[in-house]
$ cat run_1.txt   # compact mmCIF, C-alpha atoms
# COMPACT_ATOMS: atom_id res chain seq x y z
CA MET G 3 70.24 -25.99 177.82
CA ILE G 4 69.77 -27.47 174.43
CA ARG G 5 67.32 -24.66 173.50
CA GLN G 6 69.90 -21.96 174.36
CA LYS G 7 72.50 -23.61 172.12
CA THR G 8 70.02 -23.70 169.23
CA LEU G 9 69.26 -19.99 169.58
CA TYR G 10 72.95 -19.19 169.76
CA LYS G 11 73.62 -21.08 166.54
CA ARG G 12 70.80 -19.26 164.72
CA LEU G 13 72.11 -15.90 165.90
CA VAL G 14 75.62 -16.67 164.69
CA THR G 15 74.28 -17.84 161.33
CA ALA G 16 72.24 -14.64 160.87
CA CYS G 17 75.20 -12.42 161.74
CA ILE G 18 77.44 -14.28 159.33
CA SER G 19 74.81 -13.98 156.54
CA ALA G 20 74.34 -10.23 157.17
CA GLY G 21 78.07 -9.67 157.19
CA LEU G 22 78.43 -11.56 153.92
CA VAL G 23 75.76 -9.42 152.25
CA ILE G 24 77.36 -6.18 153.46
CA PHE G 25 80.73 -7.40 152.28
CA LEU G 26 79.41 -8.12 148.78
CA VAL G 27 77.74 -4.73 148.52
CA VAL G 28 80.91 -2.95 149.64
CA ILE G 29 82.93 -4.96 147.13
CA GLY G 30 80.49 -3.94 144.34
CA ILE G 31 80.73 -0.31 145.25
CA TYR G 32 84.49 -0.50 145.51
CA LYS G 33 84.86 -2.12 142.10
CA LYS G 34 82.54 0.42 140.29
CA PRO G 35 82.53 3.60 142.34
CA VAL G 36 82.67 5.89 139.29
CA ALA G 37 79.67 4.28 137.60
CA TRP G 38 77.64 4.58 140.74
CA VAL G 39 78.55 8.22 141.29
CA GLU G 40 78.10 8.98 137.59
CA SER G 41 74.65 7.52 137.72
CA LEU G 42 73.70 9.68 140.67
CA VAL G 43 75.42 12.88 139.46
CA GLY G 44 74.37 12.28 135.86
CA GLY G 45 70.72 12.27 136.84
CA VAL G 46 71.15 15.55 138.66
CA ILE G 47 73.08 17.14 135.75
CA TYR G 48 70.51 15.90 133.23
CA SER G 49 67.69 17.50 135.18
CA VAL G 50 69.63 20.78 135.42
CA GLN G 51 70.53 20.69 131.72
CA GLU G 52 66.96 19.96 130.72
CA GLY G 53 65.69 22.94 132.73
CA THR G 54 68.45 25.20 131.41
CA HIS G 55 67.69 24.16 127.82
CA ALA G 56 64.02 24.98 128.29
CA VAL G 57 64.85 28.41 129.71
CA VAL G 58 67.41 29.17 126.98
CA SER G 59 64.97 28.01 124.29
CA SER G 60 62.24 30.24 125.68
CA VAL G 61 64.55 33.25 125.91
CA GLY G 62 65.90 32.55 122.42
CA GLY G 63 62.35 32.32 121.09
CA LEU G 64 61.51 35.65 122.67
CA PHE G 65 64.54 37.32 121.09
CA THR G 66 63.76 35.75 117.70
CA HIS G 67 60.14 36.95 117.89
CA TYR G 68 61.31 40.40 118.97
CA PHE G 69 63.73 40.76 116.07
CA PHE G 70 61.04 39.44 113.69
CA LEU G 71 58.63 42.12 114.90
CA VAL G 72 61.34 44.77 114.62
CA GLY G 73 61.98 43.62 111.05
CA LEU G 74 58.28 43.83 110.27
CA SER G 75 58.01 47.32 111.73
CA ASP G 76 60.91 48.40 109.50
CA GLU G 77 59.45 46.64 106.46
CA ASN G 78 55.84 47.82 106.80
CA PRO G 79 56.42 51.48 105.80
CA ARG G 80 58.28 50.38 102.68
CA LEU G 81 55.57 47.89 101.75
CA LYS G 82 52.88 50.50 102.40
CA LYS G 83 54.61 52.98 100.11
CA GLU G 84 54.97 50.30 97.43
CA VAL G 85 51.26 49.44 97.66
CA GLU G 86 50.35 53.13 97.40
CA ARG G 87 52.62 53.50 94.37
CA LEU G 88 51.07 50.48 92.66
CA LEU G 89 47.53 51.70 93.37
CA GLY G 90 48.44 55.07 91.92
CA GLU G 91 49.83 53.37 88.83
CA VAL G 92 46.65 51.30 88.42
CA ASN G 93 44.48 54.43 88.69
CA ARG G 94 46.70 56.26 86.23
CA LEU G 95 46.42 53.41 83.72
CA LYS G 96 42.64 53.24 84.17
CA GLU G 97 42.40 56.98 83.53
CA LYS G 98 44.53 56.67 80.40
CA GLU G 99 42.35 53.80 79.20
CA ALA G 100 39.17 55.81 79.75
CA LEU G 101 40.67 58.82 77.96
CA ALA G 102 41.77 56.66 75.05
CA GLY G 103 38.25 55.24 74.75
CA ARG G 104 36.62 58.68 74.72
CA LEU G 105 39.10 60.06 72.22
CA GLN G 106 38.65 57.04 69.97
CA ARG G 107 34.87 57.55 69.93
CA LEU G 108 35.35 61.24 69.10
CA LEU G 109 37.80 60.37 66.33
CA ASN G 110 35.47 57.78 64.83
CA PHE G 111 32.58 60.25 64.91
CA LYS G 112 34.71 63.01 63.43
CA GLU G 113 35.93 60.82 60.59
CA ALA G 114 32.41 59.65 59.77
CA SER G 115 30.90 63.16 59.86
CA PRO G 116 30.60 65.24 56.68
CA LEU G 117 31.28 68.35 58.77
CA ASN G 118 34.53 69.95 59.75
CA LEU G 119 34.75 69.26 63.51
CA ILE G 120 37.27 70.82 65.87
CA ALA G 121 38.10 68.68 68.90
CA ALA G 122 38.52 70.53 72.21
CA ASN G 123 38.95 69.78 75.91
CA VAL G 124 36.76 71.24 78.64
CA ILE G 125 39.09 73.27 80.88
CA GLY G 126 36.70 75.13 83.20
CA ARG G 127 33.07 75.37 84.29
CA ASP G 128 30.94 78.31 85.36
CA THR G 129 29.36 77.74 88.78
CA GLY G 130 27.29 80.92 88.86
CA PRO G 131 23.50 80.84 89.37
CA TRP G 132 22.64 82.75 86.19
CA PHE G 133 24.60 81.06 83.42
CA GLN G 134 25.50 77.50 82.59
CA THR G 135 28.70 77.63 80.61
CA PHE G 136 32.14 76.04 80.33
CA MET G 137 35.45 76.92 78.74
CA ILE G 138 37.27 74.94 76.06
CA ASN G 139 40.94 75.03 75.07
CA LYS G 140 40.34 76.04 71.44
CA GLY G 141 39.68 79.60 70.22
CA SER G 142 39.70 81.91 67.22
CA ALA G 143 43.27 80.95 66.34
CA ASP G 144 42.04 77.36 65.96
CA GLY G 145 39.03 78.29 63.80
CA VAL G 146 36.43 78.50 66.59
CA LEU G 147 33.94 81.35 65.91
CA LEU G 148 30.88 82.84 67.64
CA ASP G 149 27.60 80.87 67.42
CA MET G 150 29.30 77.66 66.31
CA GLY G 151 27.51 74.59 67.60
CA VAL G 152 29.20 72.30 70.13
CA ILE G 153 28.37 68.59 70.15
CA VAL G 154 29.50 65.13 71.22
CA PRO G 155 28.65 61.84 69.46
CA MET G 156 25.56 61.42 71.71
CA GLY G 157 24.04 64.81 70.92
CA VAL G 158 23.96 68.61 71.18
CA VAL G 159 25.90 70.37 73.95
CA GLY G 160 25.45 74.10 73.21
CA LYS G 161 26.85 77.10 71.32
CA VAL G 162 29.99 79.19 71.40
CA ILE G 163 29.12 82.60 72.89
CA LYS G 164 32.58 84.12 73.37
CA THR G 165 35.99 83.51 71.79
CA PHE G 166 39.60 84.29 72.66
CA SER G 167 42.76 83.43 70.79
CA HIS G 168 43.12 79.95 72.28
CA ASN G 169 39.98 79.56 74.40
CA ALA G 170 36.22 79.86 73.97
CA GLN G 171 33.14 79.97 76.17
CA VAL G 172 30.26 77.58 75.48
CA LEU G 173 26.63 78.13 76.56
CA LEU G 174 24.86 74.86 77.41
CA ILE G 175 21.43 74.08 75.96
CA THR G 176 20.14 73.86 79.55
CA ASP G 177 20.78 77.58 80.11
CA THR G 178 17.62 79.74 79.96
CA ASN G 179 19.28 81.97 77.32
CA SER G 180 19.78 79.05 74.95
CA ALA G 181 17.41 78.41 72.01
CA ILE G 182 17.82 75.83 69.24
CA ALA G 183 15.50 75.04 66.30
CA ALA G 184 14.39 71.42 66.59
CA ILE G 185 12.17 68.83 64.93
CA ILE G 186 10.39 65.79 66.33
CA GLN G 187 11.93 62.84 64.53
CA ARG G 188 8.74 60.76 64.34
CA THR G 189 6.09 63.42 63.50
CA ARG G 190 8.39 65.95 61.77
CA GLU G 191 6.83 68.81 63.77
CA GLU G 192 9.05 71.78 64.52
CA GLY G 193 9.61 73.83 67.65
CA ILE G 194 12.24 75.63 69.68
CA VAL G 195 14.25 73.89 72.40
CA GLN G 196 14.98 76.20 75.33
CA GLY G 197 16.90 75.64 78.57
CA MET G 198 15.13 75.67 81.91
CA GLY G 199 18.19 75.91 84.14
CA GLY G 200 19.62 73.06 86.14
CA ASN G 201 19.51 70.03 83.85
CA GLY G 202 16.09 70.83 82.36
CA VAL G 203 15.13 71.49 78.73
CA ARG G 204 11.73 72.18 77.19
CA LEU G 205 10.17 72.28 73.74
CA LYS G 206 8.22 75.46 72.95
CA TYR G 207 5.58 76.43 70.35
CA LEU G 208 4.20 72.97 69.66
CA PRO G 209 0.39 73.26 69.12
CA ARG G 210 -2.13 71.45 71.34
CA LEU G 211 -3.21 69.29 68.41
CA SER G 212 0.27 67.81 68.08
CA GLU G 213 0.62 64.01 68.10
CA VAL G 214 3.80 64.12 70.16
CA ILE G 215 4.10 61.44 72.85
CA VAL G 216 6.46 60.64 75.70
CA GLY G 217 9.60 58.98 74.36
CA ASP G 218 9.71 60.85 71.03
CA ILE G 219 13.20 61.99 70.00
CA LEU G 220 14.08 65.58 69.11
CA ILE G 221 16.83 66.40 66.61
CA THR G 222 18.25 69.62 65.20
CA SER G 223 16.21 70.93 62.28
CA GLY G 224 19.14 72.39 60.33
CA LEU G 225 17.39 75.76 59.99
CA GLU G 226 20.18 77.41 61.93
CA GLY G 227 23.67 77.84 60.56
CA ASN G 228 25.35 76.54 63.70
CA PHE G 229 24.04 72.95 63.59
CA SER G 230 23.51 70.54 60.75
CA LYS G 231 20.23 68.65 60.54
CA GLY G 232 19.64 65.44 62.49
CA ILE G 233 21.83 65.82 65.59
CA PRO G 234 20.07 64.34 68.67
CA ILE G 235 18.94 66.84 71.30
CA GLY G 236 16.83 64.89 73.77
CA ARG G 237 13.87 62.66 74.44
CA ILE G 238 10.32 63.74 75.39
CA LYS G 239 9.88 63.26 79.14
CA LYS G 240 6.47 64.83 79.83
CA VAL G 241 3.60 66.27 77.77
CA GLU G 242 1.01 68.56 79.38
CA HIS G 243 -2.14 70.10 77.80
CA PRO G 244 -2.82 73.41 79.59
CA GLU G 245 -6.35 74.69 78.97
CA ASP G 246 -5.31 78.33 78.94
CA SER G 247 -2.68 78.00 76.17
CA PHE G 248 -2.53 77.20 72.49
CA PHE G 249 0.71 75.28 72.99
CA LEU G 250 1.73 72.17 74.85
CA ASN G 251 4.06 72.17 77.84
CA ILE G 252 6.75 69.68 76.92
CA THR G 253 9.86 68.81 78.90
CA LEU G 254 12.81 66.84 77.60
CA THR G 255 15.56 64.65 78.95
CA PRO G 256 18.85 65.65 77.25
CA GLU G 257 20.78 62.87 75.57
CA ILE G 258 23.99 63.65 77.47
CA SER G 259 25.15 64.34 81.02
CA PHE G 260 26.65 67.83 80.89
CA SER G 261 28.47 67.60 84.21
CA LYS G 262 30.56 64.67 82.91
CA LEU G 263 31.75 66.27 79.68
CA GLU G 264 35.53 66.33 79.25
CA GLU G 265 35.99 66.49 75.47
CA VAL G 266 33.70 68.09 72.85
CA LEU G 267 33.55 68.83 69.12
CA VAL G 268 32.95 72.33 67.72
CA VAL G 269 30.92 72.27 64.48
CA SER G 270 32.57 74.27 61.71
CA LEU G 271 30.28 74.28 58.70
CA GLN G 272 33.17 75.26 56.46
CA LYS G 273 34.13 72.23 54.42
CA GLU G 274 37.70 71.01 54.60
CA PRO G 275 39.75 71.19 51.40
CA GLY G 276 38.87 68.41 48.99
CA LEU G 277 35.36 67.78 50.43
$ encode --input "run_1.txt" --output "structure tokens"
Amino acid sequence: MIRQKTLYKRLVTACISAGLVIFLVVIGIYKKPVAWVESLVGGVIYSVQEGTHAVVSSVGGLFTHYFFLVGLSDENPRLKKEVERLLGEVNRLKEKEALAGRLQRLLNFKEASPLNLIAANVIGRDTGPWFQTFMINKGSADGVLLDMGVIVPMGVVGKVIKTFSHNAQVLLITDTNSAIAAIIQRTREEGIVQGMGGNGVRLKYLPRLSEVIVGDILITSGLEGNFSKGIPIGRIKKVEHPEDSFFLNITLTPEISFSKLEEVLVVSLQKEPGL
């Protein structure tokens, strides 16, 4: 009997304690319902906002990148044209600088020479297999006459073979029809320089007993009226001693590159007034 009463008391005490706890919780919720709901809803909204922000940021980044690429595609043609213009300007300035250098060398040579020299530009080249010639932009009206020598500061170029009022045709010393009286600078022996076609030149009529050697320099002898004495022609490249000839076979390397000529000087042996 006593045991049943004890159990009953414990049960009542537990129920009262549980009821008290529930009551306190309900009171807490009742006093701060908004805070509790805000906490729950706020967490949900925060998660949604965070996801939305990430999506919006990604989409915004895509649009920004797209418009950036569109801007670049619009800008690239303009930049390309500007680069092309600047490169063209650089090339133009380089060409002007090179021209100024060549003209300055011609002017210095002309001023130092005792001869009357007529400056001319090369305006055309003959590409035929039989003749090696080019045209210049000075002619009879400028004082250019037949058989006048044509030179550059480095050496002999050729002779004038045809004239017009404002143009003239020049035969290169490499042409097989060209012949110039020459002298070996070191030994003072004389011969005739004749073209071999292409870029070749040879020295004719030098006897087998000559002391000429590879590397000797040939200059104009001055025996012709179209060149003064001492203008460089070329350098001895090869010397051969054929047994069946009284003369040596001698080939030369010209002092200049004929394919690169752009400006030349025509030798007028008429002295300028006051000289």
$ residues_around --input "run_1.txt" --residues "region 199-215 of chain G" --least-positions-apart "5" --cutoff "10 Å" --atoms "all atoms listed in the file" --output "PyMOL selection string"
chain G and resi 131-134+174-194+220+235-245+247-256+259-261
$ atom_distance --input "run_1.txt" --atom1 "CA of Glu257 (chain G)" --atom2 "CA of Gly145 (chain G)"
26.6 Å
$ atom_distance --input "run_1.txt" --atom1 "CA of Arg127 (chain G)" --atom2 "CA of Ile233 (chain G)"
23.8 Å
$ residues_around --input "run_1.txt" --residues "Asn123 (chain G)" --least-positions-apart "2" --cutoff "10 Å" --atoms "all atoms listed in the file" --output "ChimeraX atom specification"
/G:121,125-126,137-140,169,263-267
$ residues_around --input "run_1.txt" --residues "Val268 (chain G)" --least-positions-apart "4" --cutoff "7 Å" --atoms "only C-alpha atoms" --output "VMD selection string"
chain G and resid 119 to 121 150 to 153
$ closest_residue --input "run_1.txt" --among "G:Val172, G:Ile221, G:Val92, G:Val216" --to "Val124 (chain G)" --atoms "all atoms listed in the file"
G:Val172
$ closest_residue --input "run_1.txt" --among "G:Leu117, G:Met156, G:Met198, G:Ala143" --to "Asn228 (chain G)" --atoms "all atoms listed in the file"
G:Leu117
$ atom_distance --input "run_1.txt" --atom1 "CA of Lys164 (chain G)" --atom2 "CA of Asp149 (chain G)"
8.4 Å
$ decode --input "run_1.txt" --residues "region 218-238 of chain G" --atoms "N, CA and C atoms" --output "compact mmCIF listing (two decimals), in the first residue's frame"
# COMPACT_ATOMS: atom_id res chain seq x y z
N ASP G 218 94.79 42.87 -107.11
CA ASP G 218 95.21 44.14 -107.68
C ASP G 218 93.98 44.94 -108.13
N ILE G 219 94.11 46.27 -108.04
CA ILE G 219 93.00 47.17 -108.38
C ILE G 219 93.22 47.77 -109.77
N LEU G 220 92.13 47.78 -110.57
CA LEU G 220 92.17 48.43 -111.88
C LEU G 220 91.48 49.78 -111.80
N ILE G 221 92.07 50.78 -112.49
CA ILE G 221 91.50 52.12 -112.56
C ILE G 221 91.48 52.56 -114.02
N THR G 222 90.70 53.59 -114.30
CA THR G 222 90.67 54.13 -115.67
C THR G 222 92.02 54.76 -115.97
N SER G 223 92.45 54.58 -117.24
CA SER G 223 93.77 55.08 -117.63
C SER G 223 93.75 56.55 -118.04
N GLY G 224 92.58 57.07 -118.38
CA GLY G 224 92.49 58.46 -118.83
C GLY G 224 92.80 58.63 -120.29
N LEU G 225 93.04 57.53 -121.04
CA LEU G 225 93.36 57.62 -122.46
C LEU G 225 92.11 57.86 -123.30
N GLU G 226 90.96 57.64 -122.70
CA GLU G 226 89.70 57.92 -123.40
C GLU G 226 89.15 59.26 -122.93
N GLY G 227 88.40 59.90 -123.81
CA GLY G 227 87.85 61.20 -123.45
C GLY G 227 86.66 61.13 -122.51
N ASN G 228 86.11 59.91 -122.30
CA ASN G 228 84.88 59.84 -121.52
C ASN G 228 85.11 59.56 -120.03
N PHE G 229 86.33 59.27 -119.63
CA PHE G 229 86.65 59.08 -118.21
C PHE G 229 87.96 59.78 -117.90
N SER G 230 88.02 60.37 -116.74
CA SER G 230 89.30 60.91 -116.29
C SER G 230 90.12 59.77 -115.70
N LYS G 231 91.39 60.01 -115.47
CA LYS G 231 92.29 58.97 -114.97
C LYS G 231 92.07 58.71 -113.48
N GLY G 232 92.13 57.42 -113.11
CA GLY G 232 92.14 57.07 -111.69
C GLY G 232 90.82 56.66 -111.08
N ILE G 233 89.77 56.51 -111.88
CA ILE G 233 88.47 56.09 -111.33
C ILE G 233 88.48 54.57 -111.16
N PRO G 234 88.14 54.04 -109.99
CA PRO G 234 88.17 52.59 -109.78
C PRO G 234 87.23 51.85 -110.73
N ILE G 235 87.70 50.69 -111.22
CA ILE G 235 86.88 49.85 -112.08
C ILE G 235 86.54 48.53 -111.39
N GLY G 236 87.55 47.88 -110.85
CA GLY G 236 87.31 46.59 -110.19
C GLY G 236 88.59 46.05 -109.60
N ARG G 237 88.46 44.83 -109.05
CA ARG G 237 89.58 44.18 -108.39
C ARG G 237 89.82 42.81 -109.05
N ILE G 238 91.11 42.45 -109.25
CA ILE G 238 91.45 41.19 -109.89
C ILE G 238 90.92 40.02 -109.05
